[in-house]
Amino acid sequence: MIELIPASLRALPRDALVLFVTRFTRLFAYGALSVILVFYLVSLGLTEAQVGLLLTLTLGGDMAISLLLTTRADRMGRRHMLVVGAILMAGAGVAFASTKSLLFLIIAGTIGVISPSGNEVGPFLSIEQAALSHVVPAHSRTEVFAWYTLAGSVATALGALCGGSAAGLMQRTSLSPPDSYRMVVLLYAALGVALALLFMSLSSSTEVHGSTTETNSAVSAKGFFGIGRSRPVILKLASLFALDSFGGGFVVQSFAAYWFYLRFGVPAARLGVIFFCANILAGISALLASRLATRIGLVRTMVVTHLPSNVLLILVPLMPNLTQAVLVLLVRFSISQMDVPTRQSYTMAVVRPDERSAAGGITGVARTAGAAISPMFAGFLFSRPALIDVPFFVAGTLKIV
């Protein structure tokens, strides 16, 4: 059984294993929340347009928190910033479960860390990638990132399955729909607490090491955003990632799940199964990416997998029935994540080691910024029955560009 495990994983140090566990825990929470979030907010009395506005402001808040924490992580301590992020995640879950007020939901979503898409938000991914790059050798970085992406995809899939199934099961017993969704939100908060405890167990090996003189000189050169020599390439990558995420924000997993409900009447429990399968396929595609990148290079791998993936995204609403729509969605997910580990590995490879958290944070914030704007427009489109297919067309086109 041990021989079946890739050599790059067998050689992982303890800190890397902890980072895999934190990734799994966090993405499980994100996946569980993403399937029921729009249902929950609508059940509280919010309109689709208000939900879209809330998700946009939530992602905007995540962007600000992420930028604040990631650009300071290399200097003030990666572990400290990760713990702060986990506490904000737990606090947001408690707040969302405790109020029906749109104003308080906006405040909680803006200050805290909430993922409406099932994907990474907040400071975690950028700092974890920088820490992983510190504790694993450069020659195995892409393969480790591929397995790291797979761990997240499996966790998102299991979270979506458990979140949707748990809500459906509770509704069949004694709880009302809003209360069943609220229990999933409370689970999200509890996993945020678990995440904080896991981050506390990381060792100093995940931190940037250097003399005080070197550190002070580097801080002076980098300025507020924590980057110096790597600034030009980081800005190029950030602009591309922002455009990609702006397109993807039109069909975040919460809205995609809601589209299947509006178009075909699919209940939450069944949606959990659909997105479980989709995210498992996405994770497997990440593993294939490392092998393809070895042959044709990181940038080419991003491009040749991104194009067909988003053509398929455009085709989803054109399918005449549920079976065909789900099939196209699953095929799309089977290649959708092949650009992720290659993108992550490329970003870590082209910047200085002491700028990796900041680089990951800035490019991550660019992605969040792009994704933060589009749900507001998607919410207005979903509030008009004749326009519920448009987000797929917009998303696919922009991501192809």
# chains A, B, ... in the order shown; residues from 1 in each chain; ligands from 1
>>> residues_around(residues="Leu82 in chain A", least_positions_apart="2", cutoff="8 Å", atoms="only C-alpha atoms", output="list in words")
Arg78, Arg79, His80, Val84, Gly85, Ala86, Pro123, Phe124, Ile127, Ala196 and Phe199 of chain A
>>> write_last_selection(atoms="C-alpha atoms", output="mmCIF file, in the first residue's frame")
data_model
loop_
_atom_site.group_PDB
_atom_site.id
_atom_site.type_symbol
_atom_site.label_atom_id
_atom_site.label_comp_id
_atom_site.auth_asym_id
_atom_site.auth_seq_id
_atom_site.Cartn_x
_atom_site.Cartn_y
_atom_site.Cartn_z
ATOM 1 C CA ARG A 78 2.823 32.891 8.571
ATOM 2 C CA ARG A 79 1.366 30.823 11.411
ATOM 3 C CA HIS A 80 -0.009 33.903 13.164
ATOM 4 C CA VAL A 84 -6.203 35.014 12.499
ATOM 5 C CA GLY A 85 -7.814 33.970 9.215
ATOM 6 C CA ALA A 86 -9.289 30.830 10.807
ATOM 7 C CA PRO A 123 -5.450 34.467 3.221
ATOM 8 C CA PHE A 124 -5.075 30.699 3.577
ATOM 9 C CA ILE A 127 0.345 31.567 2.866
ATOM 10 C CA ALA A 196 -7.134 27.560 14.041
ATOM 11 C CA PHE A 199 -2.415 26.099 12.333
#
>>> closest_atom_pairs(of="range 54-153 of chain A", to="range 349-363 of chain A", cutoff="7 Å", atoms="only C-alpha atoms", output="tab-separated table")
residue	atom	partner	partner_atom	distance
A:Ser66	CA	A:Gly361	CA	6.5
A:Leu67	CA	A:Gly361	CA	5.9
A:Thr70	CA	A:Gly361	CA	5.0
A:Thr71	CA	A:Ala358	CA	4.4
A:Ala73	CA	A:Ser357	CA	6.4
A:Asp74	CA	A:Ser357	CA	6.1
A:Pro123	CA	A:Gly361	CA	6.7
A:Ser126	CA	A:Gly360	CA	4.3
A:Ile127	CA	A:Ser357	CA	4.9
A:Ala130	CA	A:Ser357	CA	5.2
>>> write_last_selection(atoms="N, CA and C atoms", output="PDB file, in the first residue's frame")
ATOM      1  N   SER A  66      -7.548  39.328   3.007  1.00  0.00           N
ATOM      2  CA  SER A  66      -6.477  38.534   2.418  1.00  0.00           C
ATOM      3  C   SER A  66      -5.258  39.394   2.127  1.00  0.00           C
ATOM      4  N   LEU A  67      -5.475  40.574   1.536  1.00  0.00           N
ATOM      5  CA  LEU A  67      -4.357  41.459   1.218  1.00  0.00           C
ATOM      6  C   LEU A  67      -3.640  41.909   2.486  1.00  0.00           C
ATOM      7  N   THR A  70      -1.813  38.513   4.012  1.00  0.00           N
ATOM      8  CA  THR A  70      -0.775  37.837   3.217  1.00  0.00           C
ATOM      9  C   THR A  70       0.445  38.716   2.981  1.00  0.00           C
ATOM     10  N   THR A  71       0.248  40.022   2.838  1.00  0.00           N
ATOM     11  CA  THR A  71       1.396  40.898   2.589  1.00  0.00           C
ATOM     12  C   THR A  71       2.234  41.119   3.843  1.00  0.00           C
ATOM     13  N   ALA A  73       2.511  38.343   6.133  1.00  0.00           N
ATOM     14  CA  ALA A  73       2.777  37.019   6.673  1.00  0.00           C
ATOM     15  C   ALA A  73       4.260  36.676   6.705  1.00  0.00           C
ATOM     16  N   ASP A  74       5.006  37.014   5.646  1.00  0.00           N
ATOM     17  CA  ASP A  74       6.428  36.676   5.610  1.00  0.00           C
ATOM     18  C   ASP A  74       7.220  37.439   6.664  1.00  0.00           C
ATOM     19  N   PRO A 123      -6.910  34.473   3.310  1.00  0.00           N
ATOM     20  CA  PRO A 123      -5.450  34.467   3.221  1.00  0.00           C
ATOM     21  C   PRO A 123      -4.826  33.077   3.150  1.00  0.00           C
ATOM     22  N   SER A 126      -2.627  31.369  -0.185  1.00  0.00           N
ATOM     23  CA  SER A 126      -1.361  32.030  -0.504  1.00  0.00           C
ATOM     24  C   SER A 126      -0.288  31.707   0.534  1.00  0.00           C
ATOM     25  N   ILE A 127      -0.642  31.798   1.802  1.00  0.00           N
ATOM     26  CA  ILE A 127       0.345  31.567   2.866  1.00  0.00           C
ATOM     27  C   ILE A 127       0.706  30.085   2.935  1.00  0.00           C
ATOM     28  N   ALA A 130       3.145  29.276   0.159  1.00  0.00           N
ATOM     29  CA  ALA A 130       4.483  29.770   0.485  1.00  0.00           C
ATOM     30  C   ALA A 130       5.156  28.860   1.508  1.00  0.00           C
TER      31      ALA A 130
END
>>> closest_residue(among="A:Ser285, A:Ser174, A:Ser205, A:Ser290", to="His306 in chain A", atoms="only C-alpha atoms")
A:Ser285
>>> select_by_dssp(residues="range 91-328 of chain A", states="helix (DSSP H, G or I)", output="ChimeraX atom specification")
/A:91-98,102-111,124-135,138-173,177-200,204-206,212-222,231-251,253-264,268-296,298-318,322-328
>>> residues_around(residues="range 88-91 of chain A", least_positions_apart="2", cutoff="8 Å", atoms="only C-alpha atoms", output="list in words")
Val84, Gly85, Ala86, Gly93, Val94, Ala95, Ala108, Ile111, Gly112, Val113, Ile114, Tyr188, Ala189, Ala190, Leu191, Gly192 and Val193 of chain A
>>> write_last_selection(atoms="all heavy atoms", output="short mmCIF file (atom, residue, chain, number, x, y, z; two decimals), in the first residue's frame")
data_model
loop_
_atom_site.label_atom_id
_atom_site.label_comp_id
_atom_site.auth_asym_id
_atom_site.auth_seq_id
_atom_site.Cartn_x
_atom_site.Cartn_y
_atom_site.Cartn_z
N VAL A 84 -5.27 33.89 12.56
CA VAL A 84 -6.20 35.01 12.50
C VAL A 84 -7.28 34.76 11.44
O VAL A 84 -8.47 35.00 11.67
CB VAL A 84 -5.44 36.33 12.20
CG1 VAL A 84 -6.42 37.46 11.89
CG2 VAL A 84 -4.56 36.71 13.38
N GLY A 85 -6.85 34.27 10.27
CA GLY A 85 -7.81 33.97 9.21
C GLY A 85 -8.83 32.92 9.64
O GLY A 85 -10.03 33.04 9.35
N ALA A 86 -8.38 31.89 10.35
CA ALA A 86 -9.29 30.83 10.81
C ALA A 86 -10.30 31.37 11.81
O ALA A 86 -11.49 30.99 11.81
CB ALA A 86 -8.48 29.68 11.42
N GLY A 93 -19.09 32.41 10.34
CA GLY A 93 -20.09 31.34 10.38
C GLY A 93 -21.08 31.54 11.50
O GLY A 93 -22.30 31.39 11.32
N VAL A 94 -20.59 31.91 12.68
CA VAL A 94 -21.48 32.16 13.83
C VAL A 94 -22.42 33.32 13.52
O VAL A 94 -23.63 33.26 13.80
CB VAL A 94 -20.66 32.44 15.11
CG1 VAL A 94 -21.57 32.92 16.24
CG2 VAL A 94 -19.90 31.19 15.53
N ALA A 95 -21.89 34.38 12.94
CA ALA A 95 -22.71 35.56 12.64
C ALA A 95 -23.78 35.25 11.61
O ALA A 95 -24.95 35.66 11.75
CB ALA A 95 -21.81 36.69 12.14
N ALA A 108 -20.86 40.99 8.69
CA ALA A 108 -20.18 39.73 9.03
C ALA A 108 -19.44 39.15 7.84
O ALA A 108 -18.32 38.66 7.97
CB ALA A 108 -21.22 38.72 9.54
N ILE A 111 -16.23 41.45 7.09
CA ILE A 111 -15.13 41.34 8.05
C ILE A 111 -14.61 39.91 8.13
O ILE A 111 -13.41 39.67 8.24
CB ILE A 111 -15.58 41.83 9.44
CG1 ILE A 111 -15.97 43.30 9.37
CG2 ILE A 111 -14.48 41.60 10.47
CD1 ILE A 111 -16.56 43.84 10.66
N GLY A 112 -15.53 38.95 8.07
CA GLY A 112 -15.15 37.55 8.21
C GLY A 112 -14.74 36.91 6.89
O GLY A 112 -14.55 37.59 5.88
N VAL A 113 -14.59 35.59 6.92
CA VAL A 113 -14.19 34.84 5.74
C VAL A 113 -15.30 33.85 5.39
O VAL A 113 -15.56 32.90 6.15
CB VAL A 113 -12.87 34.08 5.97
CG1 VAL A 113 -12.52 33.22 4.76
CG2 VAL A 113 -11.73 35.06 6.27
N ILE A 114 -15.99 34.09 4.29
CA ILE A 114 -17.08 33.24 3.81
C ILE A 114 -16.81 32.89 2.36
O ILE A 114 -16.48 33.77 1.55
CB ILE A 114 -18.45 33.95 3.93
CG1 ILE A 114 -18.88 34.06 5.39
CG2 ILE A 114 -19.52 33.24 3.11
CD1 ILE A 114 -19.41 32.77 6.00
N TYR A 188 -19.77 24.99 9.55
CA TYR A 188 -18.72 25.81 8.94
C TYR A 188 -17.94 26.56 10.02
O TYR A 188 -16.70 26.60 10.00
CB TYR A 188 -19.38 26.79 7.97
CG TYR A 188 -18.46 27.75 7.27
CD1 TYR A 188 -17.83 27.39 6.08
CD2 TYR A 188 -18.22 29.03 7.78
CE1 TYR A 188 -16.99 28.29 5.42
CE2 TYR A 188 -17.38 29.92 7.13
CZ TYR A 188 -16.77 29.54 5.96
OH TYR A 188 -15.93 30.42 5.31
N ALA A 189 -18.67 27.14 10.98
CA ALA A 189 -18.00 27.87 12.06
C ALA A 189 -17.14 26.94 12.91
O ALA A 189 -16.01 27.29 13.30
CB ALA A 189 -19.05 28.57 12.93
N ALA A 190 -17.65 25.75 13.23
CA ALA A 190 -16.91 24.80 14.05
C ALA A 190 -15.62 24.36 13.35
O ALA A 190 -14.56 24.21 13.99
CB ALA A 190 -17.78 23.58 14.35
N LEU A 191 -15.67 24.17 12.04
CA LEU A 191 -14.48 23.78 11.30
C LEU A 191 -13.46 24.93 11.25
O LEU A 191 -12.25 24.69 11.17
CB LEU A 191 -14.85 23.34 9.89
CG LEU A 191 -15.62 22.01 9.82
CD1 LEU A 191 -16.09 21.72 8.41
CD2 LEU A 191 -14.75 20.86 10.32
N GLY A 192 -13.93 26.16 11.33
CA GLY A 192 -13.02 27.29 11.43
C GLY A 192 -12.21 27.24 12.72
O GLY A 192 -11.01 27.53 12.74
N VAL A 193 -12.87 26.85 13.82
CA VAL A 193 -12.17 26.69 15.10
C VAL A 193 -11.13 25.57 15.01
O VAL A 193 -9.99 25.72 15.47
CB VAL A 193 -13.17 26.40 16.24
CG1 VAL A 193 -12.45 26.09 17.54
CG2 VAL A 193 -14.13 27.57 16.41
#
>>> closest_residue(among="A:Thr110, A:Thr47, A:Thr99, A:Ser309", to="Gly60 in chain A", atoms="only C-alpha atoms")
A:Thr110
>>> decode(residues="range 248-264 of chain A", atoms="N, CA and C atoms", output="short mmCIF file (atom, residue, chain, number, x, y, z; two decimals), in the first residue's frame")
data_model
loop_
_atom_site.label_atom_id
_atom_site.label_comp_id
_atom_site.auth_asym_id
_atom_site.auth_seq_id
_atom_site.Cartn_x
_atom_site.Cartn_y
_atom_site.Cartn_z
N GLY A 248 -15.43 33.74 -13.83
CA GLY A 248 -15.88 32.62 -13.00
C GLY A 248 -16.88 33.03 -11.94
N GLY A 249 -16.83 34.29 -11.50
CA GLY A 249 -17.75 34.75 -10.46
C GLY A 249 -19.21 34.75 -10.88
N PHE A 250 -19.48 34.70 -12.19
CA PHE A 250 -20.87 34.65 -12.65
C PHE A 250 -21.50 33.29 -12.37
N VAL A 251 -20.67 32.26 -12.21
CA VAL A 251 -21.21 30.91 -11.98
C VAL A 251 -20.50 30.26 -10.78
N VAL A 252 -20.34 31.02 -9.68
CA VAL A 252 -19.81 30.40 -8.47
C VAL A 252 -20.71 29.22 -8.09
N GLN A 253 -20.18 28.27 -7.36
CA GLN A 253 -20.89 27.02 -7.13
C GLN A 253 -22.26 27.23 -6.50
N SER A 254 -22.39 28.25 -5.63
CA SER A 254 -23.69 28.53 -5.01
C SER A 254 -24.73 28.88 -6.06
N PHE A 255 -24.35 29.73 -7.01
CA PHE A 255 -25.28 30.12 -8.07
C PHE A 255 -25.49 29.00 -9.08
N ALA A 256 -24.44 28.22 -9.35
CA ALA A 256 -24.60 27.09 -10.26
C ALA A 256 -25.60 26.08 -9.71
N ALA A 257 -25.48 25.82 -8.39
CA ALA A 257 -26.43 24.91 -7.74
C ALA A 257 -27.85 25.48 -7.82
N TYR A 258 -27.98 26.79 -7.59
CA TYR A 258 -29.29 27.42 -7.62
C TYR A 258 -29.86 27.39 -9.04
N TRP A 259 -28.99 27.49 -10.06
CA TRP A 259 -29.46 27.41 -11.45
C TRP A 259 -30.09 26.05 -11.73
N PHE A 260 -29.47 24.97 -11.27
CA PHE A 260 -30.04 23.64 -11.46
C PHE A 260 -31.40 23.52 -10.77
N TYR A 261 -31.55 24.20 -9.64
CA TYR A 261 -32.84 24.18 -8.95
C TYR A 261 -33.89 24.95 -9.76
N LEU A 262 -33.53 26.14 -10.25
CA LEU A 262 -34.49 26.94 -11.00
C LEU A 262 -34.85 26.29 -12.33
N ARG A 263 -33.85 25.74 -13.01
CA ARG A 263 -34.07 25.21 -14.37
C ARG A 263 -34.74 23.84 -14.34
N PHE A 264 -34.29 22.96 -13.42
CA PHE A 264 -34.77 21.58 -13.44
C PHE A 264 -35.43 21.14 -12.13
#
